[in-house]
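Peer 1: Contents of query_26.pdb (PDB, C-alpha atoms) are given next:
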ATOM      1  CA  MET Q  90      -4.361   8.984  14.571  1.00  0.00           C
ATOM      2  CA  ASP Q  91      -2.341  11.308  12.337  1.00  0.00           C
ATOM      3  CA  GLY Q  92      -0.069   9.167  10.174  1.00  0.00           C
ATOM      4  CA  ALA Q  93      -2.329   6.111  10.090  1.00  0.00           C
ATOM      5  CA  HIS Q  94      -4.503   5.609   7.011  1.00  0.00           C
ATOM      6  CA  PRO Q  95      -8.279   5.258   7.595  1.00  0.00           C
ATOM      7  CA  HIS Q  96      -8.422   1.849   5.909  1.00  0.00           C
ATOM      8  CA  ASP Q  97      -5.503   0.511   7.933  1.00  0.00           C
ATOM      9  CA  ILE Q  98      -7.192   1.715  11.128  1.00  0.00           C
ATOM     10  CA  ALA Q  99     -10.455   0.004  10.166  1.00  0.00           C
ATOM     11  CA  GLN Q 100      -8.651  -3.226   9.220  1.00  0.00           C
ATOM     12  CA  VAL Q 101      -6.930  -3.485  12.595  1.00  0.00           C
ATOM     13  CA  LEU Q 102     -10.101  -2.571  14.532  1.00  0.00           C
ATOM     14  CA  ASP Q 103     -11.987  -5.228  12.558  1.00  0.00           C
ATOM     15  CA  SER Q 104      -9.430  -7.839  13.593  1.00  0.00           C
ATOM     16  CA  ARG Q 105     -10.093  -6.841  17.236  1.00  0.00           C
ATOM     17  CA  GLY Q 106     -13.829  -7.296  16.832  1.00  0.00           C
ATOM     18  CA  VAL Q 107     -14.629  -3.572  16.517  1.00  0.00           C
ATOM     19  CA  ALA Q 108     -16.720  -2.593  13.479  1.00  0.00           C
ATOM     20  CA  VAL Q 109     -16.246   0.943  12.139  1.00  0.00           C
ATOM     21  CA  ARG Q 110     -16.763   2.585   8.783  1.00  0.00           C
ATOM     22  CA  ALA Q 111     -13.807   3.852   6.756  1.00  0.00           C
ATOM     23  CA  GLY Q 112     -13.646   5.802   3.530  1.00  0.00           C
ATOM     24  CA  HIS Q 113     -15.649   8.669   2.092  1.00  0.00           C
ATOM     25  CA  HIS Q 114     -18.970   7.840   3.828  1.00  0.00           C
ATOM     26  CA  CYS Q 115     -20.653   8.857   0.543  1.00  0.00           C
ATOM     27  CA  ALA Q 116     -19.641  12.423   1.462  1.00  0.00           C
ATOM     28  CA  GLN Q 117     -16.646  13.457  -0.665  1.00  0.00           C
ATOM     29  CA  PRO Q 118     -17.326  17.210  -0.175  1.00  0.00           C
ATOM     30  CA  VAL Q 119     -16.764  16.761   3.566  1.00  0.00           C
ATOM     31  CA  MET Q 120     -13.397  15.097   2.852  1.00  0.00           C
ATOM     32  CA  GLU Q 121     -12.441  18.064   0.657  1.00  0.00           C
ATOM     33  CA  ARG Q 122     -13.605  20.503   3.343  1.00  0.00           C
ATOM     34  CA  PHE Q 123     -11.296  18.905   5.909  1.00  0.00           C
ATOM     35  CA  GLY Q 124      -8.498  18.179   3.428  1.00  0.00           C
ATOM     36  CA  VAL Q 125      -8.303  14.438   4.131  1.00  0.00           C
ATOM     37  CA  PRO Q 126      -8.382  11.486   1.707  1.00  0.00           C
ATOM     38  CA  ALA Q 127     -10.816   9.547   3.887  1.00  0.00           C
ATOM     39  CA  THR Q 128     -11.776   9.101   7.543  1.00  0.00           C
ATOM     40  CA  THR Q 129     -12.548   6.299   9.993  1.00  0.00           C
ATOM     41  CA  ARG Q 130     -15.803   6.757  11.880  1.00  0.00           C
ATOM     42  CA  ALA Q 131     -16.790   5.079  15.131  1.00  0.00           C
ATOM     43  CA  SER Q 132     -20.498   5.360  15.947  1.00  0.00           C
ATOM     44  CA  PHE Q 133     -22.118   4.462  19.238  1.00  0.00           C
ATOM     45  CA  GLY Q 134     -25.610   3.145  19.929  1.00  0.00           C
ATOM     46  CA  LEU Q 135     -27.746   2.787  23.059  1.00  0.00           C
ATOM     47  CA  TYR Q 136     -26.741  -0.866  23.228  1.00  0.00           C
ATOM     48  CA  ASN Q 137     -22.958  -0.281  23.390  1.00  0.00           C
ATOM     49  CA  THR Q 138     -21.357  -1.107  26.720  1.00  0.00           C
ATOM     50  CA  ARG Q 139     -18.481   0.546  28.533  1.00  0.00           C
ATOM     51  CA  ALA Q 140     -16.398  -2.594  27.910  1.00  0.00           C
ATOM     52  CA  GLU Q 141     -16.916  -2.188  24.178  1.00  0.00           C
ATOM     53  CA  VAL Q 142     -15.749   1.416  24.312  1.00  0.00           C
ATOM     54  CA  ASP Q 143     -12.680   0.264  26.247  1.00  0.00           C
ATOM     55  CA  ALA Q 144     -12.040  -2.376  23.562  1.00  0.00           C
ATOM     56  CA  LEU Q 145     -12.104   0.377  20.919  1.00  0.00           C
ATOM     57  CA  ALA Q 146      -9.664   2.537  22.898  1.00  0.00           C
ATOM     58  CA  GLU Q 147      -7.330  -0.412  23.450  1.00  0.00           C
ATOM     59  CA  ALA Q 148      -7.410  -1.336  19.767  1.00  0.00           C
ATOM     60  CA  LEU Q 149      -6.593   2.269  18.833  1.00  0.00           C
ATOM     61  CA  GLU Q 150      -3.452   1.998  20.967  1.00  0.00           C
ATOM     62  CA  ASP Q 151      -2.469  -1.030  18.872  1.00  0.00           C
ATOM     63  CA  VAL Q 152      -3.069   1.055  15.734  1.00  0.00           C
ATOM     64  CA  GLU Q 153      -0.714   3.750  17.038  1.00  0.00           C
ATOM     65  CA  ALA Q 154       1.961   1.178  17.831  1.00  0.00           C
ATOM     66  CA  MET Q 155       1.704  -0.392  14.386  1.00  0.00           C
ATOM     67  CA  PHE Q 156       1.533   2.636  12.116  1.00  0.00           C
ATOM     68  CA  ILE Q 157       2.755   5.697  13.960  1.00  0.00           C
ATOM     69  CA  ARG Q 158       5.430   4.916  16.568  1.00  0.00           C
TER      70      ARG Q 158
ATOM     71  CA  MET J 200      -9.757  -8.072  23.516  1.00  0.00           C
ATOM     72  CA  SER J 201      -6.042  -7.627  22.836  1.00  0.00           C
ATOM     73  CA  ASP J 202      -5.574 -11.419  22.762  1.00  0.00           C
ATOM     74  CA  VAL J 203      -7.667 -11.615  19.603  1.00  0.00           C
ATOM     75  CA  PRO J 204      -5.170 -12.300  16.795  1.00  0.00           C
ATOM     76  CA  GLY J 205      -4.662  -9.359  14.465  1.00  0.00           C
ATOM     77  CA  PRO J 206      -4.320  -9.493  10.702  1.00  0.00           C
ATOM     78  CA  ARG J 207      -0.684 -10.536  11.040  1.00  0.00           C
ATOM     79  CA  GLY J 208      -0.454 -12.074   7.567  1.00  0.00           C
ATOM     80  CA  LEU J 209      -1.454  -8.717   6.138  1.00  0.00           C
ATOM     81  CA  TYR J 210       0.624  -6.467   8.387  1.00  0.00           C
ATOM     82  CA  GLN J 211       3.939  -8.285   8.610  1.00  0.00           C
ATOM     83  CA  GLU J 212       6.717  -6.354  10.337  1.00  0.00           C
ATOM     84  CA  ALA J 213       8.481  -5.703   7.012  1.00  0.00           C
ATOM     85  CA  ILE J 214       5.263  -4.190   5.625  1.00  0.00           C
ATOM     86  CA  LEU J 215       4.856  -1.952   8.670  1.00  0.00           C
ATOM     87  CA  ASP J 216       8.490  -0.842   8.433  1.00  0.00           C
ATOM     88  CA  HIS J 217       8.206   0.126   4.748  1.00  0.00           C
ATOM     89  CA  GLY J 218       4.854   1.769   5.547  1.00  0.00           C
ATOM     90  CA  ARG J 219       6.315   3.929   8.330  1.00  0.00           C
ATOM     91  CA  HIS J 220       9.607   4.638   6.557  1.00  0.00           C
ATOM     92  CA  PRO J 221       9.047   4.419   2.820  1.00  0.00           C
ATOM     93  CA  ARG J 222      12.172   4.291   0.642  1.00  0.00           C
ATOM     94  CA  ASN J 223      12.553   6.582  -2.388  1.00  0.00           C
ATOM     95  CA  ARG J 224       9.495   8.760  -1.695  1.00  0.00           C
ATOM     96  CA  ARG J 225      10.782  11.895  -3.386  1.00  0.00           C
ATOM     97  CA  ALA J 226      10.164  13.892  -6.506  1.00  0.00           C
ATOM     98  CA  MET J 227      12.543  13.126  -9.378  1.00  0.00           C
ATOM     99  CA  ALA J 228      13.662  15.894 -11.712  1.00  0.00           C
ATOM    100  CA  GLY J 229      14.302  14.778 -15.291  1.00  0.00           C
ATOM    101  CA  ALA J 230      12.587  11.402 -15.083  1.00  0.00           C
ATOM    102  CA  SER J 231      12.569   9.625 -18.447  1.00  0.00           C
ATOM    103  CA  HIS J 232       9.224   7.930 -17.694  1.00  0.00           C
ATOM    104  CA  LEU J 233       6.396   8.722 -15.291  1.00  0.00           C
ATOM    105  CA  ALA J 234       2.776   7.745 -14.698  1.00  0.00           C
ATOM    106  CA  ARG J 235       0.090   7.999 -12.038  1.00  0.00           C
ATOM    107  CA  SER J 236      -2.343   5.402 -10.788  1.00  0.00           C
ATOM    108  CA  GLU J 237      -5.406   5.865  -8.607  1.00  0.00           C
ATOM    109  CA  ASN J 238      -7.468   3.494  -6.503  1.00  0.00           C
ATOM    110  CA  PRO J 239     -11.010   4.814  -6.995  1.00  0.00           C
ATOM    111  CA  SER J 240     -12.413   2.902  -4.036  1.00  0.00           C
ATOM    112  CA  CYS J 241     -10.296   4.831  -1.518  1.00  0.00           C
ATOM    113  CA  GLY J 242      -8.946   7.819  -3.461  1.00  0.00           C
ATOM    114  CA  ASP J 243      -5.304   6.896  -2.899  1.00  0.00           C
ATOM    115  CA  GLU J 244      -3.053   8.039  -5.700  1.00  0.00           C
ATOM    116  CA  VAL J 245       0.581   7.360  -6.524  1.00  0.00           C
ATOM    117  CA  ALA J 246       2.968   8.839  -9.071  1.00  0.00           C
ATOM    118  CA  VAL J 247       5.938   6.706 -10.157  1.00  0.00           C
ATOM    119  CA  PHE J 248       9.084   8.215 -11.701  1.00  0.00           C
ATOM    120  CA  LEU J 249      11.647   6.195 -13.647  1.00  0.00           C
ATOM    121  CA  ASP J 250      15.023   7.159 -15.029  1.00  0.00           C
ATOM    122  CA  ILE J 251      15.967   4.649 -17.718  1.00  0.00           C
ATOM    123  CA  ASP J 252      19.350   5.089 -19.360  1.00  0.00           C
ATOM    124  CA  ASP J 253      20.370   4.556 -22.991  1.00  0.00           C
ATOM    125  CA  ARG J 254      21.335   0.942 -22.293  1.00  0.00           C
ATOM    126  CA  GLY J 255      17.788   0.231 -21.088  1.00  0.00           C
ATOM    127  CA  VAL J 256      18.559  -0.034 -17.372  1.00  0.00           C
ATOM    128  CA  ILE J 257      16.429   1.549 -14.639  1.00  0.00           C
ATOM    129  CA  ARG J 258      19.029   3.850 -13.067  1.00  0.00           C
ATOM    130  CA  ASP J 259      16.654   5.457 -10.575  1.00  0.00           C
ATOM    131  CA  ILE J 260      13.064   4.960  -9.459  1.00  0.00           C
ATOM    132  CA  ALA J 261      11.023   7.063  -7.016  1.00  0.00           C
ATOM    133  CA  PHE J 262       7.416   7.806  -6.101  1.00  0.00           C
ATOM    134  CA  ASP J 263       5.169  10.459  -4.665  1.00  0.00           C
ATOM    135  CA  GLY J 264       1.826  10.216  -2.918  1.00  0.00           C
ATOM    136  CA  ARG J 265       0.146   9.229   0.353  1.00  0.00           C
ATOM    137  CA  SER J 266      -1.600   5.913   0.702  1.00  0.00           C
ATOM    138  CA  CYS J 267      -2.382   3.158   3.178  1.00  0.00           C
ATOM    139  CA  ALA J 268       0.378   1.074   4.764  1.00  0.00           C
ATOM    140  CA  ILE J 269      -0.059  -1.794   2.293  1.00  0.00           C
ATOM    141  CA  ALA J 270       0.145   0.441  -0.782  1.00  0.00           C
ATOM    142  CA  THR J 271       3.021   2.504   0.617  1.00  0.00           C
ATOM    143  CA  ALA J 272       4.985  -0.624   1.545  1.00  0.00           C
ATOM    144  CA  SER J 273       4.402  -2.228  -1.852  1.00  0.00           C
ATOM    145  CA  THR J 274       5.510   0.978  -3.596  1.00  0.00           C
ATOM    146  CA  SER J 275       8.600   1.365  -1.411  1.00  0.00           C
ATOM    147  CA  LEU J 276       9.556  -2.274  -1.959  1.00  0.00           C
ATOM    148  CA  MET J 277       9.026  -1.860  -5.709  1.00  0.00           C
ATOM    149  CA  THR J 278      11.525   1.013  -5.881  1.00  0.00           C
ATOM    150  CA  GLU J 279      14.142  -1.095  -4.100  1.00  0.00           C
ATOM    151  CA  VAL J 280      13.558  -4.212  -6.175  1.00  0.00           C
ATOM    152  CA  LEU J 281      13.465  -2.515  -9.596  1.00  0.00           C
ATOM    153  CA  ALA J 282      16.553  -0.312  -9.291  1.00  0.00           C
ATOM    154  CA  GLY J 283      19.152  -1.655 -11.745  1.00  0.00           C
ATOM    155  CA  LYS J 284      16.654  -3.859 -13.590  1.00  0.00           C
ATOM    156  CA  THR J 285      15.580  -3.728 -17.246  1.00  0.00           C
ATOM    157  CA  PRO J 286      11.983  -2.963 -18.292  1.00  0.00           C
ATOM    158  CA  ALA J 287      11.592  -6.636 -19.284  1.00  0.00           C
ATOM    159  CA  GLN J 288      12.614  -7.735 -15.793  1.00  0.00           C
ATOM    160  CA  ALA J 289      10.277  -5.116 -14.293  1.00  0.00           C
ATOM    161  CA  ARG J 290       7.369  -6.556 -16.296  1.00  0.00           C
ATOM    162  CA  SER J 291       8.195 -10.072 -15.096  1.00  0.00           C
ATOM    163  CA  LEU J 292       8.232  -8.876 -11.486  1.00  0.00           C
ATOM    164  CA  PHE J 293       4.924  -7.035 -12.063  1.00  0.00           C
ATOM    165  CA  ASP J 294       3.391 -10.359 -13.187  1.00  0.00           C
ATOM    166  CA  ARG J 295       4.745 -11.967 -10.047  1.00  0.00           C
ATOM    167  CA  VAL J 296       3.188  -9.310  -7.799  1.00  0.00           C
ATOM    168  CA  HIS J 297      -0.164  -9.803  -9.503  1.00  0.00           C
ATOM    169  CA  ALA J 298       0.113 -13.543  -9.003  1.00  0.00           C
ATOM    170  CA  LEU J 299       1.019 -13.060  -5.334  1.00  0.00           C
ATOM    171  CA  ALA J 300      -1.860 -10.661  -4.688  1.00  0.00           C
ATOM    172  CA  GLU J 301      -4.526 -12.485  -6.614  1.00  0.00           C
ATOM    173  CA  GLY J 302      -3.397 -16.078  -6.273  1.00  0.00           C
ATOM    174  CA  GLY J 303      -2.482 -16.760  -9.909  1.00  0.00           C
ATOM    175  CA  ALA J 304       0.320 -18.919 -11.264  1.00  0.00           C
ATOM    176  CA  GLU J 305       3.757 -18.148  -9.876  1.00  0.00           C
ATOM    177  CA  ALA J 306       6.345 -18.129 -12.639  1.00  0.00           C
ATOM    178  CA  GLU J 307       9.985 -18.947 -12.022  1.00  0.00           C
ATOM    179  CA  LEU J 308      12.320 -16.046 -12.637  1.00  0.00           C
ATOM    180  CA  ALA J 309      15.903 -17.192 -13.066  1.00  0.00           C
ATOM    181  CA  GLY J 310      18.424 -14.908 -11.399  1.00  0.00           C
ATOM    182  CA  MET J 311      15.821 -12.978  -9.398  1.00  0.00           C
ATOM    183  CA  GLU J 312      15.304 -15.344  -6.479  1.00  0.00           C
ATOM    184  CA  ILE J 313      16.173 -12.673  -3.900  1.00  0.00           C
ATOM    185  CA  GLU J 314      13.663 -10.231  -5.383  1.00  0.00           C
ATOM    186  CA  LEU J 315      10.943 -12.894  -5.461  1.00  0.00           C
ATOM    187  CA  GLU J 316      11.635 -13.785  -1.847  1.00  0.00           C
ATOM    188  CA  ARG J 317      11.277 -10.157  -0.794  1.00  0.00           C
ATOM    189  CA  LEU J 318       8.016  -9.758  -2.694  1.00  0.00           C
ATOM    190  CA  THR J 319       6.370 -12.592  -0.784  1.00  0.00           C
ATOM    191  CA  MET J 320       5.712 -10.122   2.066  1.00  0.00           C
ATOM    192  CA  LEU J 321       2.823  -8.884  -0.120  1.00  0.00           C
ATOM    193  CA  ALA J 322       1.097 -12.275  -0.262  1.00  0.00           C
ATOM    194  CA  GLY J 323      -1.012 -11.489   2.829  1.00  0.00           C
ATOM    195  CA  VAL J 324      -3.460  -9.410   0.773  1.00  0.00           C
ATOM    196  CA  ARG J 325      -4.744 -12.601  -0.835  1.00  0.00           C
ATOM    197  CA  ASP J 326      -6.969 -13.154   2.194  1.00  0.00           C
ATOM    198  CA  TYR J 327      -8.368  -9.599   1.979  1.00  0.00           C
ATOM    199  CA  PRO J 328      -9.848  -9.067  -1.502  1.00  0.00           C
ATOM    200  CA  VAL J 329     -10.611  -5.370  -0.916  1.00  0.00           C
ATOM    201  CA  ARG J 330      -6.920  -4.744  -0.193  1.00  0.00           C
ATOM    202  CA  MET J 331      -5.489  -6.455  -3.317  1.00  0.00           C
ATOM    203  CA  LYS J 332      -5.556  -3.219  -5.280  1.00  0.00           C
ATOM    204  CA  CYS J 333      -3.481  -1.588  -2.514  1.00  0.00           C
ATOM    205  CA  ALA J 334      -0.613  -3.989  -3.268  1.00  0.00           C
ATOM    206  CA  THR J 335      -0.741  -3.577  -7.040  1.00  0.00           C
ATOM    207  CA  LEU J 336      -1.468   0.191  -7.341  1.00  0.00           C
ATOM    208  CA  ALA J 337       2.104   1.442  -7.800  1.00  0.00           C
ATOM    209  CA  TRP J 338       3.081  -1.533  -9.952  1.00  0.00           C
ATOM    210  CA  GLU J 339       0.315  -0.572 -12.369  1.00  0.00           C
ATOM    211  CA  ALA J 340       1.646   2.998 -12.467  1.00  0.00           C
ATOM    212  CA  MET J 341       5.132   1.626 -13.136  1.00  0.00           C
ATOM    213  CA  LEU J 342       3.833  -0.506 -16.009  1.00  0.00           C
ATOM    214  CA  ALA J 343       1.927   2.468 -17.451  1.00  0.00           C
ATOM    215  CA  ALA J 344       5.113   4.544 -17.230  1.00  0.00           C
ATOM    216  CA  LEU J 345       7.046   1.881 -19.180  1.00  0.00           C
ATOM    217  CA  GLU J 346       4.327   1.650 -21.836  1.00  0.00           C
ATOM    218  CA  GLY J 347       3.894   5.399 -22.137  1.00  0.00           C
ATOM    219  CA  PRO J 348       5.775   7.821 -24.371  1.00  0.00           C
ATOM    220  CA  ARG J 349       9.326   8.480 -23.408  1.00  0.00           C
ATOM    221  CA  GLY J 350       9.592  11.839 -21.628  1.00  0.00           C
ATOM    222  CA  ALA J 351      12.395  14.382 -21.345  1.00  0.00           C
TER     223      ALA J 351
END
Written as structure tokens, how would this file's structure read?
Peer 2:
Amino acid sequence: MDGAHPHDIAQVLDSRGVAVRAGHHCAQPVMERFGVPATTRASFGLYNTRAEVDALAEALEDVEAMFIR
Amino acid sequence: MSDVPGPRGLYQEAILDHGRHPRNRRAMAGASHLARSENPSCGDEVAVFLDIDDRGVIRDIAFDGRSCAIATASTSLMTEVLAGKTPAQARSLFDRVHALAEGGAEAELAGMEIELERLTMLAGVRDYPVRMKCATLAWEAMLAALEGPRGA
């Protein structure tokens, strides 16, 4: 997702019903280590279904179309 | 899930275009005024450079920094709208952007109808309180630059 800002990614995913965390994750040293202003993090649980993972992947394609292409 | 409506009011096509292809993102040598502004909640930072001539007209305006699409678009739009304006006009347009983003009173600005029309693309942040600061970040830097000591 190079070129798309973590908060823009999270905003679009949210509008597609996918909840992720964006920002520093209370871990600024990690951001410095990787040289990024912030990140978007998708986390999976035992309860997540394959359809939900597909929804995330599909929404990420929308993110690419909006901010990168 | 792709039939779920996206945040279209926030990410209008004009916003996305300015976000992907920001205007006047370049360093300016010999700026007469400059200031930085930071959004502590996300770490985004912008530097705004102004070149104001002896007659008090903004001859050139540019910015530097990486930020989200909303902030980048607002900054890019600001550089286009403020070129050729006076500091007094810039302050009036700053007030208008604040009103647009936060839902305050919208003042009439005689002779700047085109500029006001263009700025309405930023009104979508009203529905997303955490993104309001994104729209106003660079405008605050611009105001700080105008208020600050005159540089080189």
Peer 1: Please find the residues of chain Q near chain J - the criterion being any atom within 9 Å, counting only C-alpha atoms - and write them as a list of chain:residue names.
Peer 2: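 Residues satisfying the distance criterion: Q:Gly92, Q:Ala93, Q:His94, Q:Pro95, Q:His96, Q:Asp97, Q:Gln100, Q:Val101, Q:Leu102, Q:Asp103, Q:Ser104, Q:Arg105, Q:Gly106, Q:Gly112, Q:His113, Q:Pro126, Q:Ala127, Q:Ala144, Q:Glu147, Q:Ala148, Q:Asp151, Q:Met155, Q:Phe156, Q:Ile157, Q:Arg158.
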Peer 1: Box for region 306-325 of chain J: with edges along x, y and z, all listed atoms inside and 5 Å added on each side, what are the centre and edge lengths in Å to one decimal, as JSON?
Peer 2:
{"center_x": 6.8, "center_y": -13.9, "center_z": -5.1, "size_x": 33.2, "size_y": 20.1, "size_z": 25.9}
Peer 1: So the first atom is CA of Glu346 (chain J) and the second is CA of Glu312 (chain J); what is the distance between them in Å, to one decimal place?
Peer 2: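 Between CA of Glu346 (chain J) and CA of Glu312 (chain J) the gap is 25.4 Å.
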Peer 1: Go through J:Ile257, J:Met277, J:Leu249, J:Ala309 one by one, measure the shortest atom-to-atom distance of each to Leu233 (chain J) using all atoms listed in the file, and give the residue with the smallest value.
Peer 2: J:Leu249
Peer 1: Take the PyMOL selection byres ((chain J and resi 283-291) around 9), run it mentally on this structure, and tell me the resulting residues as a list in words.
Peer 2: Ile251, Arg254, Gly255, Val256, Ile257, Arg258, Asp259, Val280, Leu281, Ala282, Leu292, Phe293, Asp294, Arg295, Val296, Ala306, Leu308, Met311, Met341, Leu342 and Leu345 of chain J
Peer 1: Mind pulling up the distance from CA of Ser275 (chain J) to CA of Gly310 (chain J)?
Peer 2: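 According to the coordinates, CA of Gly310 (chain J) and CA of Ser275 (chain J) are separated by 21.5 Å.
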Peer 1: If you measure from CA of Ala108 (chain Q) to CA of Leu135 (chain Q), what distance in Å do you get, rounded to one decimal?
Peer 2: 15.6 Å
Peer 1: Given the choices Q:Val152, Q:Met90, Q:Leu145, Q:Cys115, which gets closest to Ser132 (chain Q) if the distance is worked out from all atoms listed in the file?
Peer 2: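 When distances to Ser132 (chain Q) are compared using all atoms listed in the file, the smallest one comes from Q:Leu145.
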Peer 1: Do you know which residues are at most 8 Å from Phe248 (chain J) counting all atoms listed in the file, after dropping those on the same chain fewer than 4 positions away, and could you put them as a list in words?
Peer 2: Ala226, Met227, Ala230, Ser231, His232, Leu233, Ala234, Ile260, Ala261, Phe262, Met341 and Ala344 of chain J
Peer 1: Write the residues of the selection above to a file with C-alpha atoms, as a short mmCIF file (atom, residue, chain, number, x, y, z; two decimals), keeping the file's coordinate frame.
Peer 2:
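This went into out-v4.cif:
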data_model
loop_
_atom_site.label_atom_id
_atom_site.label_comp_id
_atom_site.auth_asym_id
_atom_site.auth_seq_id
_atom_site.Cartn_x
_atom_site.Cartn_y
_atom_site.Cartn_z
CA ALA J 226 10.16 13.89 -6.51
CA MET J 227 12.54 13.13 -9.38
CA ALA J 230 12.59 11.40 -15.08
CA SER J 231 12.57 9.62 -18.45
CA HIS J 232 9.22 7.93 -17.69
CA LEU J 233 6.40 8.72 -15.29
CA ALA J 234 2.78 7.74 -14.70
CA ILE J 260 13.06 4.96 -9.46
CA ALA J 261 11.02 7.06 -7.02
CA PHE J 262 7.42 7.81 -6.10
CA MET J 341 5.13 1.63 -13.14
CA ALA J 344 5.11 4.54 -17.23
#
Peer 1: What would region 122-139 of chain Q look like with N, CA and C atoms in place, written as a compact mmCIF listing (two decimals), in the coordinates of the input?
Peer 2:
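File rebuild_35.txt, as written:
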# COMPACT_ATOMS: atom_id res chain seq x y z
N ARG Q 122 -13.52 19.41 2.36
CA ARG Q 122 -13.60 20.50 3.34
C ARG Q 122 -12.52 20.37 4.41
N PHE Q 123 -12.28 19.12 4.85
CA PHE Q 123 -11.30 18.90 5.91
C PHE Q 123 -9.91 18.54 5.36
N GLY Q 124 -9.79 18.45 4.05
CA GLY Q 124 -8.50 18.18 3.43
C GLY Q 124 -7.91 16.82 3.78
N VAL Q 125 -8.77 15.80 3.83
CA VAL Q 125 -8.30 14.44 4.13
C VAL Q 125 -8.76 13.50 3.02
N PRO Q 126 -8.00 12.41 2.77
CA PRO Q 126 -8.38 11.49 1.71
C PRO Q 126 -9.60 10.66 2.10
N ALA Q 127 -9.73 10.39 3.38
CA ALA Q 127 -10.82 9.55 3.89
C ALA Q 127 -10.78 9.65 5.41
N THR Q 128 -11.78 9.11 6.07
CA THR Q 128 -11.78 9.10 7.54
C THR Q 128 -12.25 7.74 8.04
N THR Q 129 -11.99 7.47 9.32
CA THR Q 129 -12.55 6.30 9.99
C THR Q 129 -13.56 6.82 11.01
N ARG Q 130 -14.75 6.25 11.01
CA ARG Q 130 -15.80 6.76 11.88
C ARG Q 130 -16.31 5.68 12.83
N ALA Q 131 -16.21 5.96 14.12
CA ALA Q 131 -16.79 5.08 15.13
C ALA Q 131 -18.13 5.68 15.55
N SER Q 132 -19.17 4.89 15.53
CA SER Q 132 -20.50 5.36 15.95
C SER Q 132 -20.98 4.52 17.12
N PHE Q 133 -21.64 5.17 18.05
CA PHE Q 133 -22.12 4.46 19.24
C PHE Q 133 -23.64 4.40 19.24
N GLY Q 134 -24.17 3.30 19.80
CA GLY Q 134 -25.61 3.14 19.93
C GLY Q 134 -25.97 2.96 21.40
N LEU Q 135 -27.27 2.96 21.68
CA LEU Q 135 -27.75 2.79 23.06
C LEU Q 135 -27.28 1.46 23.64
N TYR Q 136 -27.07 0.49 22.78
CA TYR Q 136 -26.74 -0.87 23.23
C TYR Q 136 -25.27 -1.05 23.53
N ASN Q 137 -24.39 -0.10 23.14
CA ASN Q 137 -22.96 -0.28 23.39
C ASN Q 137 -22.65 -0.19 24.88
N THR Q 138 -21.73 -1.07 25.30
CA THR Q 138 -21.36 -1.11 26.72
C THR Q 138 -20.03 -0.38 26.93
N ARG Q 139 -19.74 -0.09 28.20
CA ARG Q 139 -18.48 0.55 28.53
C ARG Q 139 -17.30 -0.35 28.11
